[in-house]
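**Student:** You'll find entry_32.cif just under this line, and it carries mmCIF, C-alpha atoms.
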data_work
loop_
_atom_site.label_atom_id
_atom_site.label_comp_id
_atom_site.auth_asym_id
_atom_site.auth_seq_id
_atom_site.Cartn_x
_atom_site.Cartn_y
_atom_site.Cartn_z
CA MET E 8 -16.97 -32.17 32.80
CA ASN E 9 -19.65 -30.97 30.46
CA GLU E 10 -20.36 -28.03 32.73
CA GLU E 11 -16.68 -27.04 32.72
CA LEU E 12 -16.50 -27.22 28.94
CA ARG E 13 -19.56 -25.02 28.64
CA ASN E 14 -18.03 -22.60 31.13
CA ILE E 15 -14.80 -22.36 29.15
CA TRP E 16 -16.72 -21.90 25.91
CA THR E 17 -18.82 -19.12 27.47
CA GLN E 18 -15.68 -17.36 28.67
CA PHE E 19 -14.03 -17.67 25.25
CA PHE E 20 -17.18 -16.46 23.51
CA ASN E 21 -17.41 -13.49 25.86
CA TRP E 22 -13.77 -12.67 25.21
CA VAL E 23 -14.22 -12.81 21.45
CA MET E 24 -17.38 -10.71 21.60
CA GLY E 25 -15.61 -8.16 23.79
CA ASN E 26 -17.72 -8.39 26.97
CA GLY E 27 -15.20 -10.09 29.17
CA PRO E 28 -15.19 -9.90 32.95
CA ARG E 29 -14.36 -6.47 34.24
CA PRO E 30 -11.56 -5.95 36.75
CA GLU E 31 -12.75 -5.40 40.29
CA ASN E 32 -11.17 -2.02 40.86
CA GLU E 33 -12.64 -0.56 37.69
CA VAL E 34 -14.74 2.54 38.15
CA ILE E 35 -17.97 2.08 36.27
CA PRO E 36 -19.00 5.45 34.87
CA PRO E 37 -22.54 6.58 35.59
CA GLU E 38 -25.12 5.92 32.90
CA PRO E 39 -25.11 8.71 30.36
CA PRO E 40 -28.42 10.42 29.77
CA PRO E 41 -30.35 8.95 26.83
CA ALA E 42 -28.93 10.49 23.68
CA LEU E 43 -31.07 12.31 21.20
CA PRO E 44 -31.25 10.71 17.76
CA PHE E 45 -28.54 11.85 15.33
CA SER E 46 -26.38 13.20 18.14
CA GLN E 47 -23.88 10.41 18.52
CA LYS E 48 -20.54 11.12 20.09
CA PRO E 49 -17.74 11.51 17.54
CA THR E 50 -15.75 8.63 18.99
CA ASP E 51 -18.57 6.26 18.12
CA LYS E 52 -17.58 6.66 14.50
CA PHE E 53 -14.57 4.42 15.06
CA SER E 54 -16.15 1.59 16.99
CA ARG E 55 -18.15 -1.14 15.41
CA PHE E 56 -21.25 -0.29 17.39
CA HIS E 57 -21.72 2.46 14.86
CA GLU E 58 -23.31 -0.12 12.59
CA ALA E 59 -26.28 -0.37 14.92
CA THR E 60 -26.90 3.36 14.73
CA LEU E 61 -26.62 3.24 10.96
CA LYS E 62 -29.31 0.57 10.89
CA GLU E 63 -31.50 2.66 13.18
CA ARG E 64 -31.15 5.66 10.93
CA TYR E 65 -31.95 3.49 7.93
CA THR E 66 -35.17 2.21 9.51
CA GLN E 67 -36.12 5.74 10.53
CA TRP E 68 -35.57 6.93 6.99
CA LEU E 69 -37.68 4.06 5.66
CA GLU E 70 -40.55 4.85 8.01
CA LEU E 71 -40.33 8.52 7.12
CA HIS E 72 -40.66 7.87 3.38
CA GLY E 73 -42.81 4.76 3.43
CA LEU E 74 -40.54 2.78 1.11
CA HIS E 75 -41.17 -0.73 2.37
CA LEU E 76 -41.31 -2.33 -1.05
CA PHE E 77 -37.97 -0.72 -1.89
CA SER E 78 -36.33 -2.21 1.18
CA VAL E 79 -37.60 -5.69 0.32
CA ILE E 80 -36.32 -5.42 -3.25
CA TYR E 81 -33.04 -4.00 -1.99
CA SER E 82 -32.42 -6.86 0.43
CA GLY E 83 -33.41 -9.45 -2.17
CA LEU E 84 -31.13 -7.95 -4.78
CA SER E 85 -28.20 -7.72 -2.38
CA VAL E 86 -28.59 -11.37 -1.37
CA LEU E 87 -28.85 -12.35 -5.04
CA THR E 88 -25.71 -10.38 -5.97
CA CYS E 89 -23.85 -11.95 -3.10
CA ILE E 90 -24.85 -15.47 -4.14
CA VAL E 91 -23.96 -14.84 -7.80
CA ILE E 92 -20.52 -13.43 -6.99
CA VAL E 93 -19.70 -16.15 -4.48
CA SER E 94 -20.74 -18.92 -6.87
CA LEU E 95 -18.75 -17.34 -9.72
CA LEU E 96 -15.66 -17.17 -7.55
CA LEU E 97 -16.12 -20.72 -6.30
CA ALA E 98 -16.57 -21.96 -9.88
CA THR E 99 -13.36 -20.20 -10.88
CA VAL E 100 -11.48 -21.75 -7.98
CA ALA E 101 -12.83 -25.19 -8.92
CA GLU E 102 -11.52 -24.69 -12.46
CA LEU E 103 -8.00 -23.79 -11.31
CA PRO E 104 -5.28 -26.36 -12.04
CA PRO E 105 -4.44 -28.64 -9.10
CA PHE E 106 -1.93 -27.36 -6.57
CA GLY E 107 1.65 -28.33 -7.31
CA HIS E 108 0.91 -30.35 -10.44
CA GLU E 109 3.80 -30.64 -12.88
CA ARG E 110 1.67 -29.74 -15.91
CA ASN E 111 0.59 -26.41 -14.40
CA PRO E 112 1.06 -23.32 -16.57
CA ALA E 113 3.33 -21.85 -13.89
CA ASN E 114 5.83 -24.70 -14.35
CA ASN E 115 7.06 -23.54 -17.74
CA GLU E 116 10.51 -23.26 -19.24
CA VAL E 117 11.31 -20.09 -17.26
CA ILE E 118 11.10 -21.87 -13.90
CA ARG E 119 13.06 -24.80 -15.34
CA ARG E 120 15.79 -22.44 -16.46
CA TYR E 121 15.93 -20.77 -13.04
CA VAL E 122 16.12 -24.06 -11.17
CA GLN E 123 18.67 -25.70 -13.49
CA HIS E 124 21.02 -22.82 -14.24
CA GLY E 125 20.19 -20.37 -11.43
CA GLY E 126 23.02 -21.43 -9.19
CA ARG E 127 25.62 -21.27 -11.93
CA GLU E 128 24.40 -18.05 -13.49
CA THR E 129 23.86 -16.00 -10.34
CA GLY E 130 26.22 -17.73 -7.92
CA ALA E 131 23.58 -17.72 -5.20
CA GLN E 132 22.74 -20.79 -3.16
CA ASN E 133 19.34 -19.38 -2.32
CA ILE E 134 17.56 -19.47 -5.66
CA VAL E 135 14.94 -16.97 -4.49
CA ALA E 136 17.62 -14.39 -3.75
CA GLY E 137 19.22 -15.04 -7.12
CA LEU E 138 15.84 -14.57 -8.72
CA ILE E 139 14.75 -11.34 -7.09
CA LEU E 140 18.16 -9.66 -6.92
CA ASP E 141 19.76 -10.85 -10.13
CA TYR E 142 17.28 -11.94 -12.78
CA ARG E 143 14.62 -9.52 -11.63
CA ALA E 144 16.71 -6.97 -9.77
CA PHE E 145 15.04 -4.09 -11.55
CA ASP E 146 11.66 -5.08 -10.04
CA THR E 147 13.17 -5.07 -6.58
CA PHE E 148 14.67 -1.66 -7.28
CA GLY E 149 11.19 -0.35 -8.03
CA GLU E 150 9.83 -1.84 -4.82
CA SER E 151 12.57 -0.25 -2.73
CA ALA E 152 11.98 3.08 -4.44
CA VAL E 153 8.24 2.83 -3.67
CA LEU E 154 8.95 2.19 0.02
CA PHE E 155 11.42 5.07 0.21
CA THR E 156 8.99 7.41 -1.56
CA ALA E 157 6.19 6.49 0.85
CA ALA E 158 8.38 7.17 3.87
CA VAL E 159 9.57 10.48 2.46
CA SER E 160 5.98 11.55 1.72
CA VAL E 161 4.91 10.76 5.28
CA LEU E 162 7.96 12.63 6.54
CA MET E 163 7.09 15.66 4.43
CA ILE E 164 3.41 15.78 5.43
CA LEU E 165 3.70 15.04 9.15
CA GLY E 166 7.05 16.77 9.59
CA ALA E 167 5.90 19.92 7.83
CA SER E 168 2.83 20.31 10.04
CA ARG E 169 4.97 19.87 13.13
CA ARG E 170 7.58 22.35 11.95
CA ASN E 171 4.86 24.90 11.18
CA SER E 172 3.25 24.55 14.57
CA LEU E 173 6.65 24.89 16.23
CA LYS E 174 7.40 28.03 14.26
CA ASP E 175 3.99 29.53 15.00
CA SER E 176 4.15 28.78 18.69
CA GLN E 177 7.33 30.85 18.91
CA ASN E 178 5.66 33.96 17.51
CA PRO E 179 1.93 33.35 17.72
CA HIS E 180 -0.18 35.70 15.66
CA THR E 181 -3.86 36.20 16.26
CA ASP E 182 -6.54 37.52 13.99
CA PRO E 183 -8.63 40.58 14.96
CA GLU E 184 -11.18 38.49 16.81
CA GLY E 185 -8.48 37.09 19.05
CA ARG E 186 -8.45 33.57 17.76
CA ASN E 187 -5.11 31.90 17.55
CA PHE E 188 -4.04 30.41 14.25
CA SER E 189 -1.04 28.65 15.66
CA GLN E 190 -2.28 25.23 14.60
CA ARG E 191 -1.79 24.78 10.92
CA GLY E 192 -2.68 21.28 9.80
CA PRO E 193 -3.62 18.49 12.15
CA PRO E 194 -2.24 18.89 15.64
CA VAL E 195 0.49 16.44 16.42
CA ILE E 196 -0.17 14.77 19.72
CA ARG E 197 3.03 14.10 21.58
CA HIS E 198 2.40 10.91 23.43
CA HIS E 199 4.19 10.78 26.73
CA LEU E 200 2.03 7.86 27.72
CA LEU E 201 4.92 5.48 27.20
CA ARG E 202 6.34 4.80 30.62
CA LYS E 203 10.08 5.24 30.60
CA ASP E 204 10.53 3.51 33.95
CA ASP E 205 9.03 0.13 33.15
CA ALA E 206 11.64 -2.23 34.63
CA ILE E 207 10.23 -5.43 33.13
CA LEU E 208 9.94 -4.00 29.64
CA GLN E 209 13.40 -2.45 29.78
CA GLY E 210 14.98 -5.63 31.10
CA VAL E 211 13.38 -7.81 28.45
CA ALA E 212 14.21 -5.26 25.76
CA SER E 213 17.86 -4.96 26.73
CA LEU E 214 18.15 -8.74 26.63
CA SER E 215 16.33 -9.29 23.37
CA ILE E 216 17.30 -6.27 21.27
CA PRO E 217 20.90 -7.49 20.64
CA VAL E 218 19.55 -10.91 19.68
CA ILE E 219 17.00 -9.41 17.30
CA LEU E 220 19.62 -7.12 15.77
CA MET E 221 22.01 -10.04 15.26
CA MET E 222 19.21 -12.11 13.74
CA GLY E 223 18.36 -9.29 11.34
CA CYS E 224 21.99 -8.85 10.30
CA VAL E 225 22.39 -12.60 9.75
CA VAL E 226 19.24 -12.73 7.65
CA VAL E 227 20.40 -9.77 5.55
CA ILE E 228 24.03 -10.85 5.09
CA ASN E 229 23.24 -14.53 4.49
CA GLY E 230 20.51 -13.58 2.05
CA HIS E 231 22.17 -15.36 -0.86
CA LEU E 232 22.95 -18.49 1.18
CA SER E 233 19.92 -19.14 3.35
CA PRO E 234 16.26 -18.13 3.37
CA GLY E 235 15.64 -14.50 3.97
CA GLY E 236 17.18 -11.48 2.37
CA GLY E 237 17.04 -7.75 2.41
CA PHE E 238 13.34 -7.24 2.92
CA SER E 239 12.76 -9.71 5.75
CA GLY E 240 16.05 -8.85 7.45
CA GLY E 241 15.23 -5.15 7.26
CA ALA E 242 11.82 -5.80 8.78
CA ILE E 243 13.46 -7.69 11.66
CA LEU E 244 15.93 -4.82 12.21
CA SER E 245 13.07 -2.31 12.25
CA THR E 246 11.21 -4.32 14.91
CA ALA E 247 14.31 -4.11 17.10
CA LEU E 248 14.34 -0.33 16.64
CA ILE E 249 10.63 -0.10 17.45
CA LEU E 250 11.13 -2.18 20.59
CA ALA E 251 14.00 0.08 21.65
CA ALA E 252 11.85 3.16 21.08
CA ASN E 253 9.01 1.72 23.14
CA ALA E 254 11.18 0.58 26.02
CA PHE E 255 13.66 3.43 26.35
CA GLY E 256 11.85 6.30 24.68
CA PHE E 257 12.25 7.90 21.29
CA GLU E 258 14.99 10.22 22.49
CA ARG E 259 17.41 7.35 23.02
CA VAL E 260 16.84 6.00 19.52
CA HIS E 261 17.01 9.52 18.17
CA ASN E 262 20.66 9.66 19.29
CA PHE E 263 21.80 7.19 16.68
CA PHE E 264 18.90 7.00 14.21
CA ASN E 265 17.16 10.21 13.29
CA GLU E 266 15.70 11.88 10.23
CA ARG E 267 19.12 12.79 8.88
CA THR E 268 20.52 9.28 9.32
CA PHE E 269 17.45 7.86 7.62
CA ILE E 270 17.64 10.18 4.64
CA VAL E 271 21.39 9.73 4.17
CA SER E 272 21.43 5.94 4.55
CA SER E 273 18.32 5.30 2.46
CA SER E 274 19.25 7.59 -0.39
CA THR E 275 22.81 6.26 -0.45
CA ALA E 276 21.49 2.71 -0.57
CA LEU E 277 19.05 3.61 -3.34
CA MET E 278 21.80 5.36 -5.32
CA ILE E 279 24.12 2.34 -4.99
CA TYR E 280 21.31 0.08 -6.11
CA ALA E 281 20.41 2.32 -9.03
CA LEU E 282 24.02 2.62 -10.18
CA SER E 283 24.66 -1.11 -9.97
CA LYS E 284 21.46 -2.27 -11.61
CA GLY E 285 20.26 0.69 -13.66
CA TYR E 286 22.66 -0.04 -16.47
CA SER E 287 20.65 -3.05 -17.58
CA PHE E 288 17.85 -0.64 -18.43
CA PHE E 289 20.02 0.95 -21.10
CA THR E 290 22.10 -1.94 -22.33
CA GLY E 291 19.58 -4.73 -22.29
CA ALA E 292 20.14 -7.33 -19.65
CA ASN E 293 20.46 -10.52 -21.62
CA HIS E 294 23.83 -10.55 -23.31
CA LEU E 295 25.69 -8.52 -20.74
CA HIS E 296 28.18 -10.38 -18.60
CA SER E 297 29.10 -9.03 -15.22
CA ILE E 298 32.78 -8.41 -14.59
CA ILE E 299 32.31 -9.13 -10.90
CA PRO E 300 33.42 -12.71 -10.15
CA LYS E 301 30.74 -15.05 -8.92
CA GLY E 302 32.95 -16.84 -6.39
CA THR E 303 32.30 -20.28 -5.02
CA ILE E 304 28.70 -21.10 -4.38
CA GLY E 305 28.14 -21.20 -0.62
CA ASP E 306 30.76 -18.65 0.44
CA ILE E 307 29.79 -15.41 2.10
CA LEU E 308 31.64 -13.41 -0.55
CA SER E 309 29.98 -14.92 -3.56
CA ALA E 310 27.09 -14.32 -5.91
CA GLY E 311 28.44 -11.07 -7.31
CA LEU E 312 26.27 -8.07 -6.50
CA ILE E 313 23.61 -9.88 -4.49
CA LEU E 314 25.25 -9.30 -1.09
CA PRO E 315 25.63 -5.51 -1.40
CA LEU E 316 22.17 -5.24 -2.93
CA ASN E 317 20.71 -7.19 -0.01
CA ILE E 318 22.39 -4.81 2.42
CA CYS E 319 20.99 -1.83 0.49
CA VAL E 320 17.44 -3.21 0.53
CA GLY E 321 17.76 -4.08 4.22
CA LEU E 322 18.84 -0.54 5.10
CA ILE E 323 15.96 1.00 3.17
CA VAL E 324 13.34 -1.36 4.64
CA ALA E 325 14.58 -1.02 8.23
CA GLY E 326 14.66 2.76 8.02
CA THR E 327 11.28 2.99 6.33
CA LEU E 328 9.36 0.72 8.68
CA TYR E 329 10.84 2.32 11.78
CA GLY E 330 10.21 5.71 10.19
CA PHE E 331 6.53 4.90 9.72
CA TYR E 332 6.24 3.95 13.37
CA ALA E 333 8.11 6.96 14.66
CA LEU E 334 6.30 9.40 12.40
CA PHE E 335 2.82 8.14 13.14
CA SER E 336 3.56 7.88 16.83
CA GLU E 337 5.53 11.04 17.51
CA GLY E 338 5.22 13.04 14.34
CA ASP E 339 8.98 13.13 14.17
CA MET E 340 11.87 10.79 13.65
CA MET Q 24 2.30 -34.25 9.25
CA LEU Q 25 -0.91 -34.03 7.29
CA THR Q 26 -2.91 -33.86 10.52
CA ILE Q 27 -0.86 -30.89 11.67
CA GLU Q 28 -1.47 -29.15 8.37
CA TRP Q 29 -5.21 -29.70 8.65
CA LEU Q 30 -5.20 -28.43 12.24
CA LEU Q 31 -3.25 -25.32 11.22
CA LEU Q 32 -5.58 -24.65 8.30
CA LEU Q 33 -8.59 -25.04 10.59
CA PHE Q 34 -7.02 -22.63 13.08
CA LEU Q 35 -6.38 -20.21 10.22
CA ILE Q 36 -10.05 -20.21 9.23
CA VAL Q 37 -11.18 -19.83 12.83
CA CYS Q 38 -8.80 -16.88 13.26
CA ALA Q 39 -9.96 -15.24 10.05
CA VAL Q 40 -13.60 -15.48 11.10
CA ALA Q 41 -12.89 -14.40 14.67
CA VAL Q 42 -11.08 -11.26 13.48
CA SER Q 43 -14.19 -10.07 11.70
CA ILE Q 44 -16.77 -10.96 14.36
CA SER Q 45 -14.80 -9.75 17.36
CA LYS Q 46 -16.37 -6.58 18.74
CA ASN Q 47 -13.21 -5.45 20.55
CA LEU Q 48 -10.69 -3.97 18.14
CA LEU Q 49 -7.72 -4.83 20.37
CA ASN Q 50 -8.78 -8.48 20.36
CA SER Q 51 -9.11 -8.31 16.58
CA VAL Q 52 -5.52 -7.16 16.18
CA ILE Q 53 -4.21 -9.84 18.54
CA ILE Q 54 -6.14 -12.56 16.69
CA PHE Q 55 -4.76 -11.15 13.45
CA MET Q 56 -1.24 -11.50 14.87
CA SER Q 57 -1.85 -15.17 15.63
CA TYR Q 58 -3.26 -15.58 12.13
CA SER Q 59 0.02 -14.30 10.67
CA LEU Q 60 2.04 -16.56 12.95
CA VAL Q 61 0.10 -19.67 11.88
CA MET Q 62 0.42 -18.53 8.28
CA ALA Q 63 4.20 -18.39 8.74
CA VAL Q 64 4.23 -21.99 9.98
CA ILE Q 65 2.14 -23.02 6.99
CA TRP Q 66 4.63 -21.30 4.66
CA VAL Q 67 7.38 -23.42 6.21
CA LEU Q 68 5.32 -26.56 5.66
CA LEU Q 69 4.77 -25.47 2.05
CA ARG Q 70 8.58 -25.28 1.72
CA SER Q 71 8.94 -21.56 1.27
CA PRO Q 72 11.00 -20.39 4.25
CA ASP Q 73 11.68 -17.03 2.61
CA LEU Q 74 8.01 -16.14 2.75
CA ALA Q 75 7.77 -17.54 6.28
CA ILE Q 76 10.43 -15.17 7.59
CA THR Q 77 8.83 -12.21 5.84
CA GLU Q 78 5.36 -13.15 7.08
CA ALA Q 79 6.55 -13.52 10.67
CA ALA Q 80 8.45 -10.23 10.61
CA VAL Q 81 5.99 -8.10 8.66
CA GLY Q 82 2.62 -9.74 9.33
CA ALA Q 83 3.00 -10.59 12.98
CA GLY Q 84 5.44 -7.83 13.86
CA VAL Q 85 5.35 -4.55 12.01
CA THR Q 86 1.74 -4.58 10.79
CA SER Q 87 0.40 -5.36 14.25
CA VAL Q 88 2.52 -2.64 15.79
CA LEU Q 89 1.13 -0.15 13.29
CA PHE Q 90 -2.40 -1.38 14.07
CA PHE Q 91 -1.78 -0.88 17.81
CA LEU Q 92 -0.52 2.60 17.05
CA ALA Q 93 -3.67 3.38 15.08
CA LEU Q 94 -5.83 2.06 17.92
CA ARG Q 95 -3.98 4.26 20.38
CA ARG Q 96 -4.42 7.33 18.19
CA ILE Q 97 -8.20 6.83 17.95
CA GLY Q 98 -8.42 5.97 21.64
CA GLN Q 99 -9.61 2.38 21.36
CA MET Q 100 -6.75 0.82 23.28
CA GLY Q 101 -8.65 0.50 26.54
CA HIS Q 102 -9.45 2.49 29.65
CA LYS Q 103 -5.88 3.22 30.70
CA ASP Q 104 -5.17 5.62 27.89
CA GLU Q 105 -8.32 7.62 28.45
CA GLU Q 106 -7.44 8.19 32.09
CA GLU Q 107 -4.02 9.53 31.27
CA LYS Q 108 -5.17 11.96 28.60
#
Can you dump the structure from the file as structure tokens?

**Tutor:**
Amino acid sequence: MNEELRNIWTQFFNWVMGNGPRPENEVIPPEPPPALPFSQKPTDKFSRFHEATLKERYTQWLELHGLHLFSVIYSGLSVLTCIVIVSLLLATVAELPPFGHERNPANNEVIRRYVQHGGRETGAQNIVAGLILDYRAFDTFGESAVLFTAAVSVLMILGASRRNSLKDSQNPHTDPEGRNFSQRGPPVIRHHLLRKDDAILQGVASLSIPVILMMGCVVVINGHLSPGGGFSGGAILSTALILAANAFGFERVHNFFNERTFIVSSSTALMIYALSKGYSFFTGANHLHSIIPKGTIGDILSAGLILPLNICVGLIVAGTLYGFYALFSEGDM
Amino acid sequence: MLTIEWLLLLFLIVCAVAVSISKNLLNSVIIFMSYSLVMAVIWVLLRSPDLAITEAAVGAGVTSVLFFLALRRIGQMGHKDEEEK
């Protein structure tokens, strides 16, 4: 029994440390010749074993300059700084008010107002949705705009380099020495590593993608009734798109969701959001009463503007997150 | 219920430590996924289902996918990719 436990622990430890058992049909490459100092391969930069070489270089540097006292002081000071910062942080945490206590500073009259009158004033059953899309809708507008701006920046940078390389490959021009300047910017690697004929992946994807899409739509549309809302529902929708792209290839997704669809849907959603909520920036939000009826609390068509705003945020988030994946993976949407 | 919470919190700490000491980056990302999943369950127990849905979708889903993508681009996904290059 004890032996088995130790065996399992050794296996788990090996797995965590990354030296698990190798498959039998693996071809073990021949030992590379011993590398000269300072001539590490460039790929080593990304793995964590680089830390060992850094330490080696540090010790070499110390021996070269004879700075042993410096190294002792340096280690002592770093340990001291670490201890001071950790104890300061722990002391601060110990001074924090207890979790969930009713006399906490966070439980002030604002939260009381939201809990008592939130349902009546916003018409939303889900108080969180009423909070972020009615009381603080302008904050959420900023967040959506930030997401959209990030996606558009990535699209500009990665898309521009790809377009340039496409244009240059059609009429390549060389300099007098014969070198080709067709690659402007970082080369975009088109990964065709994704196997388009994976039966298991495609079967599972075709079964689960409709379910995920339905789940995302329910979370978005019921945002004012149940937990969830635009952001989480949009993230769920984007995972369905990413799964579709992985299982069936980017070309299939490109048929119904491409750069143009993304730009049109996201900017339309942002414009609707800005038009419906931007007015409070000019008029002052407090004494302005919405003309849109609140409806009965608990109905789908209730809570005024929260439902369309949720759909807007969901569209932006779904497009942006899928766009990140597609752009970083393919360099194109 | 309290026992489950303590177990989940313990698992959370173990995951957080294992992410940083794991030498294999792929293992790190997978442990990070499980961290997000446990965190989502803890959000439910703390009575904030909104955050739980977001954590499960963004933390365990989209972030991990982007991490996998980054690993593939720097060639740390494993031996299979390097053969096909």

**Student:** Using atom CA of Gly126 of chain E and atom CA of Leu277 of chain E as the two end points, give the distance in Å to one decimal.

**Tutor:**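 For atom CA of Gly126 of chain E relative to atom CA of Leu277 of chain E, the distance reads 26.0 Å.
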
**Student:** With a distance threshold of 12 Å and counting all atoms listed in the file, extract the residues of chain Q near chain E and express them as JSON, numbers by chain.

**Tutor:** {"Q": [37, 38, 40, 41, 42, 43, 44, 45, 46, 47, 48, 49, 50, 51, 52, 53, 54, 67, 69, 70, 71, 72, 73, 74, 75, 76, 77, 78, 79, 80, 81, 82, 83, 84, 85, 86, 87, 88, 89, 90, 91, 92, 93, 94, 95, 96, 97, 98, 99, 100, 101, 102, 103, 104, 105, 106, 107, 108]}

**Student:** Write the residues you've just listed into a file as a PDB file, in the coordinates of the input, and include C-alpha atoms for each of them.

**Tutor:**
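For reference, again18.pdb as written:
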ATOM      1  CA  VAL Q  37     -11.180 -19.830  12.830  1.00  0.00           C
ATOM      2  CA  CYS Q  38      -8.800 -16.880  13.260  1.00  0.00           C
ATOM      3  CA  VAL Q  40     -13.600 -15.480  11.100  1.00  0.00           C
ATOM      4  CA  ALA Q  41     -12.890 -14.400  14.670  1.00  0.00           C
ATOM      5  CA  VAL Q  42     -11.080 -11.260  13.480  1.00  0.00           C
ATOM      6  CA  SER Q  43     -14.190 -10.070  11.700  1.00  0.00           C
ATOM      7  CA  ILE Q  44     -16.770 -10.960  14.360  1.00  0.00           C
ATOM      8  CA  SER Q  45     -14.800  -9.750  17.360  1.00  0.00           C
ATOM      9  CA  LYS Q  46     -16.370  -6.580  18.740  1.00  0.00           C
ATOM     10  CA  ASN Q  47     -13.210  -5.450  20.550  1.00  0.00           C
ATOM     11  CA  LEU Q  48     -10.690  -3.970  18.140  1.00  0.00           C
ATOM     12  CA  LEU Q  49      -7.720  -4.830  20.370  1.00  0.00           C
ATOM     13  CA  ASN Q  50      -8.780  -8.480  20.360  1.00  0.00           C
ATOM     14  CA  SER Q  51      -9.110  -8.310  16.580  1.00  0.00           C
ATOM     15  CA  VAL Q  52      -5.520  -7.160  16.180  1.00  0.00           C
ATOM     16  CA  ILE Q  53      -4.210  -9.840  18.540  1.00  0.00           C
ATOM     17  CA  ILE Q  54      -6.140 -12.560  16.690  1.00  0.00           C
ATOM     18  CA  VAL Q  67       7.380 -23.420   6.210  1.00  0.00           C
ATOM     19  CA  LEU Q  69       4.770 -25.470   2.050  1.00  0.00           C
ATOM     20  CA  ARG Q  70       8.580 -25.280   1.720  1.00  0.00           C
ATOM     21  CA  SER Q  71       8.940 -21.560   1.270  1.00  0.00           C
ATOM     22  CA  PRO Q  72      11.000 -20.390   4.250  1.00  0.00           C
ATOM     23  CA  ASP Q  73      11.680 -17.030   2.610  1.00  0.00           C
ATOM     24  CA  LEU Q  74       8.010 -16.140   2.750  1.00  0.00           C
ATOM     25  CA  ALA Q  75       7.770 -17.540   6.280  1.00  0.00           C
ATOM     26  CA  ILE Q  76      10.430 -15.170   7.590  1.00  0.00           C
ATOM     27  CA  THR Q  77       8.830 -12.210   5.840  1.00  0.00           C
ATOM     28  CA  GLU Q  78       5.360 -13.150   7.080  1.00  0.00           C
ATOM     29  CA  ALA Q  79       6.550 -13.520  10.670  1.00  0.00           C
ATOM     30  CA  ALA Q  80       8.450 -10.230  10.610  1.00  0.00           C
ATOM     31  CA  VAL Q  81       5.990  -8.100   8.660  1.00  0.00           C
ATOM     32  CA  GLY Q  82       2.620  -9.740   9.330  1.00  0.00           C
ATOM     33  CA  ALA Q  83       3.000 -10.590  12.980  1.00  0.00           C
ATOM     34  CA  GLY Q  84       5.440  -7.830  13.860  1.00  0.00           C
ATOM     35  CA  VAL Q  85       5.350  -4.550  12.010  1.00  0.00           C
ATOM     36  CA  THR Q  86       1.740  -4.580  10.790  1.00  0.00           C
ATOM     37  CA  SER Q  87       0.400  -5.360  14.250  1.00  0.00           C
ATOM     38  CA  VAL Q  88       2.520  -2.640  15.790  1.00  0.00           C
ATOM     39  CA  LEU Q  89       1.130  -0.150  13.290  1.00  0.00           C
ATOM     40  CA  PHE Q  90      -2.400  -1.380  14.070  1.00  0.00           C
ATOM     41  CA  PHE Q  91      -1.780  -0.880  17.810  1.00  0.00           C
ATOM     42  CA  LEU Q  92      -0.520   2.600  17.050  1.00  0.00           C
ATOM     43  CA  ALA Q  93      -3.670   3.380  15.080  1.00  0.00           C
ATOM     44  CA  LEU Q  94      -5.830   2.060  17.920  1.00  0.00           C
ATOM     45  CA  ARG Q  95      -3.980   4.260  20.380  1.00  0.00           C
ATOM     46  CA  ARG Q  96      -4.420   7.330  18.190  1.00  0.00           C
ATOM     47  CA  ILE Q  97      -8.200   6.830  17.950  1.00  0.00           C
ATOM     48  CA  GLY Q  98      -8.420   5.970  21.640  1.00  0.00           C
ATOM     49  CA  GLN Q  99      -9.610   2.380  21.360  1.00  0.00           C
ATOM     50  CA  MET Q 100      -6.750   0.820  23.280  1.00  0.00           C
ATOM     51  CA  GLY Q 101      -8.650   0.500  26.540  1.00  0.00           C
ATOM     52  CA  HIS Q 102      -9.450   2.490  29.650  1.00  0.00           C
ATOM     53  CA  LYS Q 103      -5.880   3.220  30.700  1.00  0.00           C
ATOM     54  CA  ASP Q 104      -5.170   5.620  27.890  1.00  0.00           C
ATOM     55  CA  GLU Q 105      -8.320   7.620  28.450  1.00  0.00           C
ATOM     56  CA  GLU Q 106      -7.440   8.190  32.090  1.00  0.00           C
ATOM     57  CA  GLU Q 107      -4.020   9.530  31.270  1.00  0.00           C
ATOM     58  CA  LYS Q 108      -5.170  11.960  28.600  1.00  0.00           C
TER      59      LYS Q 108
END

**Student:** How far is it from atom CA of Val271 of chain E to atom CA of Gly285 of chain E, in Å with one decimal?

**Tutor:**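 So the two atoms, atom CA of Val271 of chain E and atom CA of Gly285 of chain E, lie 20.0 Å apart.
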
**Student:** Suppose you want the space between atom CA of Leu214 of chain E and atom CA of Ala251 of chain E; what is it in Å?

**Tutor:** 10.9 Å

**Student:** Starting from the PyMOL selection byres ((chain E and resi 314-318) around 8), expand the selection into actual residues of this file and give them as a ChimeraX atom specification.

**Tutor:** /E:140,227-231,236-238,280,308-313,319-322

**Student:** Please write as a count of residues only the full residue list that the PyMOL selection byres ((chain E and resi 327) around 8) yields on this file.

**Tutor:** 12

**Student:** To test the calculation: enclose all listed atoms of segment 40-59 of chain Q in a box whose edges run along x, y and z, add 3 Å on each side, then state centre and edge lengths in Å to one decimal, as JSON.

**Tutor:**
{"center_x": -8.4, "center_y": -9.8, "center_z": 15.6, "size_x": 22.8, "size_y": 17.6, "size_z": 15.9}

**Student:** Could you tell me which residues the PyMOL selection byres ((chain Q and resi 62) around 9) returns for this structure, as a list in words?

**Tutor:**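 Written out, the selection comes to Leu31, Leu32, Leu35, Ser57, Tyr58, Ser59, Leu60, Val61, Ala63, Val64, Ile65, Trp66, Val67, Ala75, Glu78 and Ala79 of chain Q.
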